[in-house]
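Student: Quick one: this structure, given as structure tokens, is what I'll be asking you about.
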Amino acid sequence: MNSNVRRYPGFGLFSLIFFLYLYLPIAVVVFYSFNANRIVSNWGGFSLHWYTTALSNAALVGAVKTSLFVATIATVLSTIVALMAALVLVRGRNVRFRRVSETIVNLPLLLPEIVVAVAVLILFSEMGLTNGLLKLTIAHTTFCIPFAFLPIRARLQGMDADLEEAARDLYASSWVAFRRVTLPLILPGVFAGAMLAFVISMDDFITSNLLNSGGATTLPVYIFSLIKQGVSPQLNAISTLIMIVSVVLATVAFLLQRRQ
Amino acid sequence: MNQRLRLPSWNVLGLLPAQLIMLLTLIIPVGIIILVSFSTRGPYGGFDYVFTTAPYKQILFNEGWSGELEFNPQYLIVVARTVILSLATTIICLALSFPVAYFISLQKTSAKMLLIYLVTLPFWVSMIVRVYSWIIILGNDGVIAKALRALGITNNIGSLLFTDTAMLIGLVYSYIPLMILPVFASIEKLDPALVEASHDLYGSRLTTLRRVILPLCRPGMVAGAILVFVPCLGAVLEPVLLGGGKTMMMGNLIQLQFGAARNWPLGAAISIVLMCAVMIFLLWRGIHAMRKEGRENGA
């Protein structure tokens with residue numbers, strides 16, 4: 001009876017409408033991707049035609065490859081760098097300028113992304129750097145660092161420091177203590193951070209679009225160019241494929257987190 | 001004891017890569033942006049390092065042929081639209097988030113997990129795909145236009161796309177998960193006994209909501225507001241795809257200067273204005289939080 005006091009009438013219905021609002025746009029895209037008609041909003045019967053055209057589209061496959069290449073390297077680099085920084089900032093003793101250092105690591109989160117994009121654009125143009133893939137990889141590594149850093153830091157803060165000290169008391173070197181005790185314990189955080197960095201890199205539009213001159217087109221930038229040409233059923237099929245991959249990734253991350 | 005001598009070097013080495021990357025790819029380049037914003041536009045795009053304040057003047061004025069300055073609010077309107085749309089997005093997200101987060105917090109653990117998963121799921125789905133979906137819905141021949149026609153309400157609703165409203169819908173849709181999560185976290189921390197106590201003291205549901213629940217959820221709401229407001233100020237995709245070329249926000253105005261308009265100094269100047277706006281907002285929140293902390297410690 002007491003829990004009744006906490007309920008507010010209408011919140012349930014409101015939430016239902018909210019979830020419809022959240023998923024209706026996605027459902028619309030998926031629905032129209034099966035449309036046989038060339039004109040998106042005129043239903044012409046069920047067809048998988050646009051999926052076969054999408055999968056045999058060389059420009060799309062190229063963009064996916066570019067995105068995967070950049071995201072993989074940026075994820076590995078940013079996760080290693082973020083892990084090192086998190087170990088020092090959470091575990092290190094007598095760290096000077098701890099607060100300032102942490103702010104610097106998180107800097108890409110404090111600046112609007114378009115400003116970060118303009119910063120690297122001007123930097124690369126002053127350096128005379130023209131390799132598109134290299135430019136993208138450097139920029140993505142930079143803005144992925146805080147996304148890898150925050151979950152690792154959270155996991156480290158939640159971990160008992162005594163375990164590490166116990167290992168040290170048992171004459172483990174600091175490297176052995178890290179590899180055998182600390183790393184296995186914070187691995188879920190490292191994994192979560194890497195996954196977040198990967199998704200952020202794959203999804204990035206603003207920076208990749210501004211740096212797009214070097215001939216390296218990422219998936220979101222390619223999709224953007226398709227949208228500019230107009231709404232098409234093939235675009236819906238591509239979007240649906242991307243959503244399937246995202247949902248699988250998100251579900252894996254969710255289930256892994258729940259097991260903890 | 002010799003450990004103490006070795007530790008600082010580890011501290012420095014561990015932090016060095018992250019600090020170096022930020023210094024070289026962000027801190028120094030932001031310094032260069034400031035330089036460019038005071039530079040002269042190059043004859044073929046780009047810029048020359050010749051000091052001028054013209055880019056900042058250009059934000060407010062048009063320069064006539066003989067050099068006289070004439071007030072022109074075209075860019076000021078963009079700045080105002082950016083701030084107003086970001087504020088409106090934050091307020092709408094707040095209003096929508098609270099009932100949903102509260103409803104989720106009342107569910108059993110398994111249902112709660114599922115609903116939170118459903119809230120975060122769209123966030124994993126590509127941003128550009130989510131914004132694109134609204135083009136299909138709001139377009140001239142889109143889902144809403146069709147539905148209204150089919151219901152016989154109206155034949156010509158005009159274009160819903162390429163308006164401020166379309167941008168607002170897109171912004172709310174993009175950023176609302178960032179609001180729900182912190183609001184939900186703060187509701188979860190709320191002690192149910194306080195709600196019951198308020199009820200026992202004859203507080204009506206509305207009074208309890210207004211005087212007990214909402215004040216205690218303030219920290220989560222403030223955190224959510226920052227998470228929504230800041231990226232909104234720099235939004236690019238929503239204004240480009242849903243606002244079209246005419247109704248711009250600062251994000252796509254900057255992008256335009258580095259792209260088709262080829263006016264890097266002006267783009268740099270607008271970037272600096274945007275960065276300052278975000279910094280002032282974050283500093284103001286930071287000072288506010290510190291003052292509050294001080295008050296609570298003093299009391």
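Just remember, in the structure tokens the first chain shown is A, the second B, etc., residues are 1-based per chain, and ligands are 1-based in the order shown.
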Would you pick out the contacts of region 275-281 of chain B at 9 Å or less, using only C-alpha atoms, so that residues sharing its chain but fewer than 4 positions from it are not included, and give the list as a list in words?
Tutor: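 Answer for this query is Leu110, Leu111, Pro112 and Val115 of chain A; Ile226, Val230, Leu233, Gly234, Ile270, Ser271, Arg285 and Gly286 of chain B.
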Student: Any chance you can output those residues with N, CA, C and O atoms as an mmCIF file, in the first residue's frame?
Tutor:
```
data_model
loop_
_atom_site.group_PDB
_atom_site.id
_atom_site.type_symbol
_atom_site.label_atom_id
_atom_site.label_comp_id
_atom_site.auth_asym_id
_atom_site.auth_seq_id
_atom_site.Cartn_x
_atom_site.Cartn_y
_atom_site.Cartn_z
ATOM 1 N N LEU A 110 35.093 18.755 -23.234
ATOM 2 C CA LEU A 110 34.732 20.099 -22.776
ATOM 3 C C LEU A 110 34.576 21.070 -23.942
ATOM 4 O O LEU A 110 33.964 22.115 -23.808
ATOM 5 N N LEU A 111 35.175 20.719 -25.085
ATOM 6 C CA LEU A 111 35.075 21.601 -26.250
ATOM 7 C C LEU A 111 33.983 21.076 -27.176
ATOM 8 O O LEU A 111 33.829 19.870 -27.321
ATOM 9 N N PRO A 112 33.237 21.982 -27.829
ATOM 10 C CA PRO A 112 32.278 21.511 -28.834
ATOM 11 C C PRO A 112 33.043 20.788 -29.945
ATOM 12 O O PRO A 112 34.150 21.202 -30.301
ATOM 13 N N VAL A 115 34.658 22.645 -32.813
ATOM 14 C CA VAL A 115 35.892 23.386 -32.506
ATOM 15 C C VAL A 115 37.098 22.446 -32.570
ATOM 16 O O VAL A 115 38.153 22.791 -33.116
ATOM 17 N N ILE B 226 23.583 19.929 -18.514
ATOM 18 C CA ILE B 226 24.907 20.233 -19.077
ATOM 19 C C ILE B 226 25.202 19.283 -20.237
ATOM 20 O O ILE B 226 25.657 19.705 -21.308
ATOM 21 N N VAL B 230 25.448 21.525 -23.864
ATOM 22 C CA VAL B 230 26.753 21.774 -24.485
ATOM 23 C C VAL B 230 26.859 21.189 -25.907
ATOM 24 O O VAL B 230 27.220 21.901 -26.843
ATOM 25 N N LEU B 233 24.865 23.250 -28.476
ATOM 26 C CA LEU B 233 25.455 24.502 -28.950
ATOM 27 C C LEU B 233 26.328 24.256 -30.177
ATOM 28 O O LEU B 233 26.424 25.086 -31.065
ATOM 29 N N GLY B 234 26.986 23.077 -30.220
ATOM 30 C CA GLY B 234 27.877 22.799 -31.340
ATOM 31 C C GLY B 234 27.282 21.861 -32.366
ATOM 32 O O GLY B 234 28.004 21.326 -33.194
ATOM 33 N N ILE B 270 34.135 32.623 -35.372
ATOM 34 C CA ILE B 270 32.874 32.071 -34.852
ATOM 35 C C ILE B 270 33.170 30.872 -33.934
ATOM 36 O O ILE B 270 32.513 30.700 -32.908
ATOM 37 N N SER B 271 34.197 30.079 -34.275
ATOM 38 C CA SER B 271 34.593 28.963 -33.406
ATOM 39 C C SER B 271 34.983 29.461 -32.026
ATOM 40 O O SER B 271 34.627 28.853 -31.006
ATOM 41 N N ARG B 285 28.605 27.053 -14.122
ATOM 42 C CA ARG B 285 28.105 25.878 -13.399
ATOM 43 C C ARG B 285 29.119 25.435 -12.357
ATOM 44 O O ARG B 285 28.766 25.039 -11.254
ATOM 45 N N GLY B 286 30.421 25.479 -12.733
ATOM 46 C CA GLY B 286 31.466 25.049 -11.810
ATOM 47 C C GLY B 286 31.508 25.916 -10.564
ATOM 48 O O GLY B 286 31.546 25.412 -9.436
#
```
Student: Using only C-alpha atoms, which chain B residues lie at most 7 Å away from chain A, written as a ChimeraX atom specification?
Tutor: /B:11,14-15,17-19,21-22,25-26,29-30,33,99-100,103,121,124-130,133-134,141-142,195-196,231,234,236,251,271,275
Student: Write out as a list in words each polymer residue whose atoms come within 7 Å of Asn35 (chain A), counting only C-alpha atoms; drop sequence neighbours fewer than 5 positions from it.
Tutor: Trp43, Gly44, Gly45, Phe46, Ser47 and Pro233 of chain A
Student: Please dump the current selection as an mmCIF file, in the first residue's frame; keep N, CA and C atoms.
Tutor:
```cif
data_model
loop_
_atom_site.group_PDB
_atom_site.id
_atom_site.type_symbol
_atom_site.label_atom_id
_atom_site.label_comp_id
_atom_site.auth_asym_id
_atom_site.auth_seq_id
_atom_site.Cartn_x
_atom_site.Cartn_y
_atom_site.Cartn_z
ATOM 1 N N TRP A 43 4.493 2.866 -51.159
ATOM 2 C CA TRP A 43 4.718 1.453 -50.914
ATOM 3 C C TRP A 43 4.466 0.654 -52.186
ATOM 4 N N GLY A 44 5.474 -0.105 -52.625
ATOM 5 C CA GLY A 44 5.329 -0.883 -53.858
ATOM 6 C C GLY A 44 5.504 -2.362 -53.647
ATOM 7 N N GLY A 45 5.288 -2.824 -52.450
ATOM 8 C CA GLY A 45 5.427 -4.248 -52.182
ATOM 9 C C GLY A 45 6.755 -4.574 -51.536
ATOM 10 N N PHE A 46 6.816 -5.772 -50.944
ATOM 11 C CA PHE A 46 7.999 -6.188 -50.207
ATOM 12 C C PHE A 46 9.128 -6.596 -51.147
ATOM 13 N N SER A 47 10.331 -6.193 -50.812
ATOM 14 C CA SER A 47 11.466 -6.559 -51.659
ATOM 15 C C SER A 47 12.769 -6.463 -50.869
ATOM 16 N N PRO A 233 15.468 4.299 -51.153
ATOM 17 C CA PRO A 233 15.290 3.042 -50.434
ATOM 18 C C PRO A 233 16.631 2.364 -50.129
#
```
Student: Enumerate, as number ranges by chain, the complete set of residues in region 60-230 of chain B that a backbone-based DSSP assignment places in strand (DSSP E or B).
Tutor: B: 61-63, 69-71
Student: Please give the complete set of residues from region 62-169 of chain B that DSSP, run on the backbone, assigns to helix (DSSP H, G or I), formatted as JSON, numbers by chain.
Tutor: {"B": [74, 75, 76, 77, 78, 79, 80, 81, 82, 83, 84, 85, 86, 87, 88, 89, 90, 91, 92, 93, 94, 95, 96, 97, 98, 99, 100, 101, 102, 103, 104, 105, 109, 110, 111, 112, 113, 114, 115, 116, 117, 118, 119, 120, 121, 122, 123, 124, 127, 128, 129, 130, 131, 132, 133, 134, 135, 136, 137, 138, 143, 144, 145, 146, 147, 148, 149, 150, 164, 165, 166, 167, 168, 169]}
Student: Set the distance at 9 Å and use only C-alpha atoms: which residues neighbour Thr52 (chain B) once local chain neighbours fewer than 5 positions away are removed? I'd like the list as a list in words.
Tutor: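 In the requested format, the answer is Ser37, Phe38, Ser39 and Thr40 of chain B.
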Student: In Å, rounded to a single decimal, give me how far CA of Phe61 (chain B) is from CA of Phe47 (chain B).
Tutor: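 Separating CA of Phe47 (chain B) from CA of Phe61 (chain B) is a distance of 20.1 Å.
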Student: Report, in Å to a single decimal, how far apart CA of Lys135 (chain A) and CA of Leu211 (chain A) are.
Tutor: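 Computing the Euclidean distance for CA of Leu211 (chain A) and CA of Lys135 (chain A) yields 7.4 Å.
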